[in-house]
$ cat start-v6.txt   # compact mmCIF, C-alpha atoms
# COMPACT_ATOMS: atom_id res chain seq x y z
CA ASP A 1 112.64 122.85 15.35
CA ALA A 2 112.27 125.96 17.44
CA GLY A 3 115.34 128.17 17.18
CA ILE A 4 116.66 127.96 20.72
CA THR A 5 120.30 127.74 21.69
CA GLN A 6 121.90 127.51 25.10
CA SER A 7 125.44 128.30 26.06
CA PRO A 8 127.56 126.84 27.37
CA ARG A 9 126.36 123.29 26.84
CA HIS A 10 128.59 121.93 29.58
CA LYS A 11 130.26 123.68 32.48
CA VAL A 12 132.24 122.58 35.51
CA THR A 13 132.77 125.16 38.20
CA GLU A 14 133.71 125.40 41.85
CA THR A 15 131.56 126.19 44.84
CA GLY A 16 131.25 129.91 45.44
CA THR A 17 131.94 131.06 41.91
CA PRO A 18 129.39 133.01 39.85
CA VAL A 19 127.94 131.31 36.78
CA THR A 20 125.83 132.70 33.96
CA LEU A 21 123.92 130.57 31.50
CA ARG A 22 122.56 132.06 28.32
CA CYS A 23 119.47 131.21 26.32
CA HIS A 24 119.04 132.67 22.85
CA GLN A 25 115.95 132.37 20.65
CA THR A 26 115.28 133.35 17.07
CA GLU A 27 111.49 132.86 17.23
CA ASN A 28 110.59 136.28 18.67
CA HIS A 29 108.51 134.53 21.34
CA ARG A 30 107.36 136.62 24.27
CA TYR A 31 107.78 134.04 27.03
CA MET A 32 111.03 132.45 28.13
CA TYR A 33 111.62 130.02 30.98
CA TRP A 34 114.44 128.41 32.91
CA TYR A 35 113.93 124.91 34.32
CA ARG A 36 116.25 122.53 36.09
CA GLN A 37 116.10 118.77 35.74
CA ASP A 38 117.14 116.48 38.55
CA PRO A 39 116.65 112.73 38.96
CA GLY A 40 113.37 111.94 40.68
CA HIS A 41 112.01 115.46 40.21
CA GLY A 42 111.27 115.85 36.53
CA LEU A 43 111.69 119.48 35.47
CA ARG A 44 111.07 122.36 37.86
CA LEU A 45 110.62 126.01 36.97
CA ILE A 46 113.28 128.40 38.27
CA HIS A 47 112.29 131.74 36.72
CA TYR A 48 110.40 132.92 33.70
CA SER A 49 110.03 136.08 31.66
CA TYR A 50 106.94 137.48 29.98
CA GLY A 51 108.70 140.30 28.19
CA VAL A 52 111.81 142.45 28.11
CA LYS A 53 112.73 143.34 31.69
CA ASP A 54 109.63 141.45 32.97
CA THR A 55 110.48 138.40 35.03
CA ASP A 56 108.98 136.36 37.83
CA LYS A 57 109.97 133.54 40.15
CA GLY A 58 109.19 129.89 39.78
CA GLU A 59 109.06 127.19 42.41
CA VAL A 60 112.83 126.77 42.90
CA SER A 61 114.16 130.31 42.50
CA ASP A 62 116.36 130.58 45.60
CA GLY A 63 119.99 131.14 44.65
CA TYR A 64 119.18 132.17 41.08
CA SER A 65 118.59 135.47 39.32
CA VAL A 66 117.63 136.24 35.74
CA SER A 67 117.74 139.10 33.31
CA ARG A 68 116.18 139.81 29.96
CA SER A 69 117.35 142.96 28.22
CA LYS A 70 116.41 141.82 24.71
CA THR A 71 113.55 139.68 23.43
CA GLU A 72 115.92 137.03 22.18
CA ASP A 73 118.14 136.57 25.24
CA PHE A 74 117.37 135.27 28.73
CA LEU A 75 120.22 134.92 31.20
CA LEU A 76 120.27 132.75 34.31
CA THR A 77 122.84 133.65 36.96
CA LEU A 78 123.99 131.66 39.94
CA GLU A 79 125.57 134.36 42.10
CA SER A 80 127.54 131.90 44.20
CA ALA A 81 127.24 128.35 42.94
CA THR A 82 126.62 125.50 45.39
CA SER A 83 126.84 121.75 44.90
CA SER A 84 123.05 121.53 45.15
CA GLN A 85 122.85 123.50 41.92
CA THR A 86 124.53 120.73 40.00
CA SER A 87 121.86 119.93 37.45
CA VAL A 88 120.80 120.06 33.84
CA TYR A 89 119.30 123.44 32.97
CA PHE A 90 116.76 123.85 30.22
CA CYS A 91 115.55 127.01 28.62
CA ALA A 92 112.10 127.02 27.04
CA ILE A 93 110.10 129.49 24.99
CA SER A 94 106.45 129.99 24.20
CA ASP A 95 104.48 132.45 22.20
CA SER A 96 101.53 133.61 24.26
CA GLY A 97 101.82 132.07 27.69
CA GLY A 98 98.20 130.97 27.61
CA LEU A 99 96.80 127.69 28.82
CA THR A 100 97.17 125.96 25.46
CA ASP A 101 100.54 127.49 24.67
CA THR A 102 103.20 124.88 24.05
CA GLN A 103 106.64 125.38 25.50
CA TYR A 104 109.57 124.41 23.31
CA PHE A 105 112.85 123.53 24.92
CA GLY A 106 116.46 124.25 24.18
CA PRO A 107 119.15 121.54 24.16
CA GLY A 108 120.07 121.98 27.83
CA THR A 109 123.19 122.90 29.79
CA ARG A 110 124.84 120.40 32.10
CA LEU A 111 126.32 122.22 35.08
CA THR A 112 128.55 120.55 37.63
CA VAL A 113 129.49 122.43 40.81
CA LEU A 114 132.44 120.86 42.64
CA ALA B 1 100.39 115.66 47.01
CA GLN B 2 102.01 115.16 43.65
CA LYS B 3 100.29 117.08 40.91
CA ILE B 4 101.50 114.72 38.19
CA THR B 5 102.08 111.05 38.90
CA GLN B 6 103.78 108.65 36.55
CA THR B 7 103.76 105.27 38.26
CA GLN B 8 105.89 103.35 35.74
CA PRO B 9 109.59 104.17 36.24
CA GLY B 10 110.52 101.85 33.39
CA MET B 11 108.87 99.80 30.69
CA PHE B 12 110.11 97.25 28.18
CA VAL B 13 108.03 96.72 25.05
CA GLN B 14 108.54 94.58 21.97
CA GLU B 15 109.02 96.46 18.73
CA LYS B 16 105.80 97.02 16.74
CA GLU B 17 103.60 96.55 19.79
CA ALA B 18 101.44 99.35 21.17
CA VAL B 19 102.43 100.86 24.50
CA THR B 20 100.53 102.89 27.07
CA LEU B 21 102.35 105.23 29.43
CA ASP B 22 100.33 106.17 32.48
CA CYS B 23 99.81 109.68 33.83
CA THR B 24 97.43 110.82 36.53
CA TYR B 25 97.05 114.41 37.62
CA ASP B 26 95.65 116.37 40.50
CA THR B 27 94.06 119.78 40.12
CA SER B 28 91.03 121.65 41.34
CA ASP B 29 91.03 123.95 38.31
CA GLN B 30 88.43 123.49 35.59
CA SER B 31 90.80 124.83 32.94
CA TYR B 32 94.07 123.04 32.45
CA GLY B 33 96.26 121.59 29.75
CA LEU B 34 98.14 118.32 29.63
CA PHE B 35 101.34 117.80 27.67
CA TRP B 36 103.61 114.90 26.86
CA TYR B 37 107.30 115.33 26.11
CA LYS B 38 109.91 112.83 24.95
CA GLN B 39 113.51 112.98 26.08
CA PRO B 40 115.84 110.69 24.10
CA SER B 41 119.28 109.76 25.38
CA SER B 42 120.69 112.83 23.59
CA GLY B 43 118.92 114.93 26.21
CA GLU B 44 116.63 117.30 24.35
CA MET B 45 112.98 117.70 25.32
CA ILE B 46 110.63 117.08 22.41
CA PHE B 47 106.97 118.09 22.54
CA LEU B 48 104.67 115.26 21.48
CA ILE B 49 101.02 116.02 22.16
CA TYR B 50 98.61 118.33 23.98
CA GLN B 51 95.15 117.82 25.49
CA GLY B 52 92.98 120.62 26.87
CA SER B 53 90.59 120.02 29.73
CA TYR B 54 87.64 121.12 27.62
CA ASP B 55 88.58 119.08 24.57
CA GLU B 56 85.91 116.48 23.95
CA GLN B 57 88.01 114.38 21.60
CA ASN B 58 91.19 112.59 22.55
CA ALA B 59 94.20 114.28 20.99
CA THR B 60 96.12 112.44 18.28
CA GLU B 61 99.42 113.22 16.54
CA GLY B 62 100.57 110.54 14.13
CA ARG B 63 101.39 107.42 16.14
CA TYR B 64 100.73 109.24 19.41
CA SER B 65 97.34 109.51 21.02
CA LEU B 66 96.25 110.67 24.41
CA ASN B 67 93.69 108.61 26.30
CA PHE B 68 92.03 111.38 28.31
CA GLN B 69 89.70 110.28 31.10
CA LYS B 70 88.68 113.44 32.86
CA ALA B 71 86.64 111.87 35.65
CA ARG B 72 89.55 109.62 36.57
CA LYS B 73 92.06 112.47 36.09
CA SER B 74 94.21 110.41 33.81
CA ALA B 75 95.96 111.34 30.58
CA ASN B 76 97.75 108.27 29.31
CA LEU B 77 99.97 108.42 26.25
CA VAL B 78 99.47 105.65 23.72
CA ILE B 79 102.13 104.92 21.14
CA SER B 80 100.98 102.66 18.36
CA ALA B 81 103.33 100.32 16.47
CA SER B 82 106.37 101.13 18.59
CA GLN B 83 109.75 101.64 16.93
CA LEU B 84 113.30 101.40 18.22
CA GLY B 85 113.52 105.18 18.04
CA ASP B 86 110.76 105.44 20.62
CA SER B 87 113.19 104.36 23.33
CA ALA B 88 113.42 107.41 25.57
CA MET B 89 112.18 109.04 28.76
CA TYR B 90 108.62 110.31 28.55
CA PHE B 91 107.30 113.10 30.72
CA CYS B 92 103.72 114.08 31.39
CA ALA B 93 103.17 117.73 32.33
CA MET B 94 100.26 119.95 33.31
CA ARG B 95 99.52 123.62 33.05
CA GLU B 96 96.73 124.89 35.30
CA GLY B 97 94.44 127.80 34.65
CA GLY B 98 94.29 131.04 36.51
CA PHE B 99 96.78 133.73 37.44
CA GLY B 100 100.38 132.65 37.22
CA ASN B 101 99.65 129.72 34.98
CA GLU B 102 102.92 129.94 33.17
CA LYS B 103 104.42 126.97 34.92
CA LEU B 104 104.47 123.46 33.58
CA THR B 105 104.40 120.87 36.37
CA PHE B 106 106.18 117.70 35.32
CA GLY B 107 105.97 114.13 36.45
CA THR B 108 109.09 112.14 37.21
CA GLY B 109 108.98 110.34 33.89
CA THR B 110 108.84 106.83 32.46
CA ARG B 111 111.82 105.26 30.74
CA LEU B 112 110.60 103.30 27.74
CA THR B 113 112.83 100.71 26.11
CA ILE B 114 111.80 99.12 22.84
CA ILE B 115 113.15 95.60 22.35
CA PRO B 116 113.94 94.47 18.79

$ encode --input "start-v6.txt" --output "structure tokens"
Amino acid sequence: DAGITQSPRHKVTETGTPVTLRCHQTENHRYMYWYRQDPGHGLRLIHYSYGVKDTDKGEVSDGYSVSRSKTEDFLLTLESATSSQTSVYFCAISDSGGLTDTQYFGPGTRLTVL
Amino acid sequence: AQKITQTQPGMFVQEKEAVTLDCTYDTSDQSYGLFWYKQPSSGEMIFLIYQGSYDEQNATEGRYSLNFQKARKSANLVISASQLGDSAMYFCAMREGGFGNEKLTFGTGTRLTIIP
């Protein structure tokens, strides 16, 4: 199993509060990704990183920011959480980012915004 | 238009039978990759199998095989001799070639239930 951990695993918060989710990897992979999973939508990419301090937006990036100050850590921040951000968040990693590169997923974080 | 379509929301299959999970895709790229992931009730996403658009042979990984029909743009997952532990959600995903190809586009999934 790829060495990926996410913290926290579960979080309940209130609308308007900031939330930070952490993804930590021990594989020294270059690429890291944040996805959200919602019923009827599969998984959708929020942001990804292709190196330390190098990040880019995915298809559902509004309301989210990310940071990567070390190879092993990728943080996802909801500056002011809304109920529409209630979801399961998955971190993924991959080695090269190329077409054949497989993404391996962390265990997920279930976030509930009340 | 949906890039990945999984038309079977749920399937029930008898244990030890083979099962085919359907996936069709839509892309104008010549270079792309197709992936299948399994998500058991515990929630983790498990990579199963990969097929590249230029691969001439269908991919196989143990009991999993991918029935790749490029002209029909389909990439069906075949599980042989199903087991109770195969009960899970299954997602088909695609990665397209070209700039910014880091994204996996997922289908909405098929829930497979294996009946003893």

$ residues_around --input "start-v6.txt" --residues "Leu45 (chain A)" --least-positions-apart "4" --cutoff "7 Å" --atoms "all atoms listed in the file" --output "PyMOL selection string"
(chain A and resi 34-36+58-60) or (chain B and resi 103)

$ interface_residues --input "start-v6.txt" --of "chain A" --to "chain B" --cutoff "8 Å" --atoms "all atoms listed in the file" --output "list of chain:residue names"
A:Pro39, A:Gly40, A:His41, A:Gly42, A:Leu43, A:Arg44, A:Leu45, A:Gly58, A:Gly97, A:Gly98, A:Leu99, A:Thr100, A:Thr102, A:Gln103, A:Tyr104, A:Phe105, A:Gly106, A:Pro107, A:Gly108

$ atom_distance --input "start-v6.txt" --atom1 "CA of Arg63 (chain B)" --atom2 "CA of Ser41 (chain B)"
20.3 Å

$ closest_residue --input "start-v6.txt" --among "B:Gln2, B:Tyr25, B:Gly62, B:Glu17" --to "Ala81 (chain B)" --atoms "all atoms listed in the file"
B:Glu17

$ residues_around --input "start-v6.txt" --residues "region 11-26 of chain A" --least-positions-apart "6" --cutoff "10 Å" --atoms "all atoms listed in the file" --output "ChimeraX atom specification"
/A:2-5,32-34,64-68,70-86,89-93,106-114

$ atom_distance --input "start-v6.txt" --atom1 "CA of Asn67 (chain B)" --atom2 "CA of Ala18 (chain B)"
13.1 Å

$ axis_aligned_box --input "start-v6.txt" --around "region 45-60 of chain A" --padding-each-side "3 Å" --output "AutoDock Vina command-line options"
--center_x 110.1 --center_y 134.7 --center_z 35.5 --size_x 12.3 --size_y 23.3 --size_z 20.8

$ residues_around --input "start-v6.txt" --residues "Val13 (chain B)" --least-positions-apart "2" --cutoff "9 Å" --atoms "all atoms listed in the file" --output "MDAnalysis selection string"
chainID B and resid 11 15:19 82 112:116

$ residues_around --input "start-v6.txt" --residues "Ser74 (chain B)" --least-positions-apart "2" --cutoff "9 Å" --atoms "only C-alpha atoms" --output "number ranges by chain"
B: 22-25, 67-72, 76

$ atom_distance --input "start-v6.txt" --atom1 "CA of Thr7 (chain B)" --atom2 "CA of Asn58 (chain B)"
21.4 Å

$ residues_near_point --input "start-v6.txt" --point "(98.4, 108.5, 24.7)" --cutoff "6 Å" --atoms "all atoms listed in the file" --output "list in words"
Tyr64, Ser65, Leu66, Asn67, Asn76, Leu77 and Val78 of chain B

$ write_last_selection --input "start-v6.txt" --atoms "C-alpha atoms" --output "short mmCIF file (atom, residue, chain, number, x, y, z; two decimals), in the frame of the given file"
data_model
loop_
_atom_site.label_atom_id
_atom_site.label_comp_id
_atom_site.auth_asym_id
_atom_site.auth_seq_id
_atom_site.Cartn_x
_atom_site.Cartn_y
_atom_site.Cartn_z
CA TYR B 64 100.73 109.24 19.41
CA SER B 65 97.34 109.51 21.02
CA LEU B 66 96.25 110.67 24.41
CA ASN B 67 93.69 108.61 26.30
CA ASN B 76 97.75 108.27 29.31
CA LEU B 77 99.97 108.42 26.25
CA VAL B 78 99.47 105.65 23.72
#

$ closest_residue --input "start-v6.txt" --among "A:Glu27, A:Asp101, A:Asp95, A:Asp62" --to "His47 (chain A)" --atoms "all atoms listed in the file"
A:Asp62

$ decode --input "start-v6.txt" --residues "region 48-64 of chain A" --atoms "N, CA and C atoms" --output "short mmCIF file (atom, residue, chain, number, x, y, z; two decimals), in the first residue's frame"
data_model
loop_
_atom_site.label_atom_id
_atom_site.label_comp_id
_atom_site.auth_asym_id
_atom_site.auth_seq_id
_atom_site.Cartn_x
_atom_site.Cartn_y
_atom_site.Cartn_z
N TYR A 48 -4.18 20.38 -7.53
CA TYR A 48 -3.09 19.42 -7.51
C TYR A 48 -1.77 20.16 -7.42
N SER A 49 -0.73 19.42 -7.10
CA SER A 49 0.61 19.98 -6.97
C SER A 49 1.59 19.12 -7.75
N TYR A 50 2.49 19.79 -8.47
CA TYR A 50 3.50 19.06 -9.24
C TYR A 50 4.90 19.31 -8.69
N GLY A 51 4.96 19.81 -7.47
CA GLY A 51 6.23 20.00 -6.79
C GLY A 51 6.06 20.96 -5.64
N VAL A 52 7.11 21.10 -4.83
CA VAL A 52 7.04 22.02 -3.70
C VAL A 52 6.75 23.43 -4.21
N LYS A 53 5.75 24.03 -3.63
CA LYS A 53 5.28 25.37 -3.96
C LYS A 53 4.68 25.49 -5.37
N ASP A 54 4.52 24.38 -6.09
CA ASP A 54 3.92 24.40 -7.42
C ASP A 54 2.55 23.75 -7.37
N THR A 55 1.51 24.57 -7.57
CA THR A 55 0.16 24.03 -7.51
C THR A 55 -0.67 24.59 -8.66
N ASP A 56 -1.78 23.92 -8.94
CA ASP A 56 -2.67 24.39 -9.99
C ASP A 56 -4.09 23.97 -9.66
N LYS A 57 -5.05 24.63 -10.31
CA LYS A 57 -6.45 24.39 -10.01
C LYS A 57 -6.98 23.21 -10.80
N GLY A 58 -7.98 22.54 -10.18
CA GLY A 58 -8.74 21.53 -10.87
C GLY A 58 -10.09 22.08 -11.29
N GLU A 59 -11.04 21.19 -11.50
CA GLU A 59 -12.33 21.62 -12.04
C GLU A 59 -13.27 22.21 -11.00
N VAL A 60 -13.05 21.96 -9.70
CA VAL A 60 -13.94 22.47 -8.68
C VAL A 60 -13.15 23.19 -7.59
N SER A 61 -12.34 24.16 -7.98
CA SER A 61 -11.41 24.80 -7.06
C SER A 61 -12.00 25.98 -6.28
N ASP A 62 -13.15 26.50 -6.68
CA ASP A 62 -13.70 27.66 -5.99
C ASP A 62 -13.96 27.37 -4.53
N GLY A 63 -13.46 28.26 -3.66
CA GLY A 63 -13.67 28.10 -2.23
C GLY A 63 -12.58 27.32 -1.53
N TYR A 64 -11.60 26.86 -2.28
CA TYR A 64 -10.50 26.05 -1.74
C TYR A 64 -9.15 26.68 -2.09
#
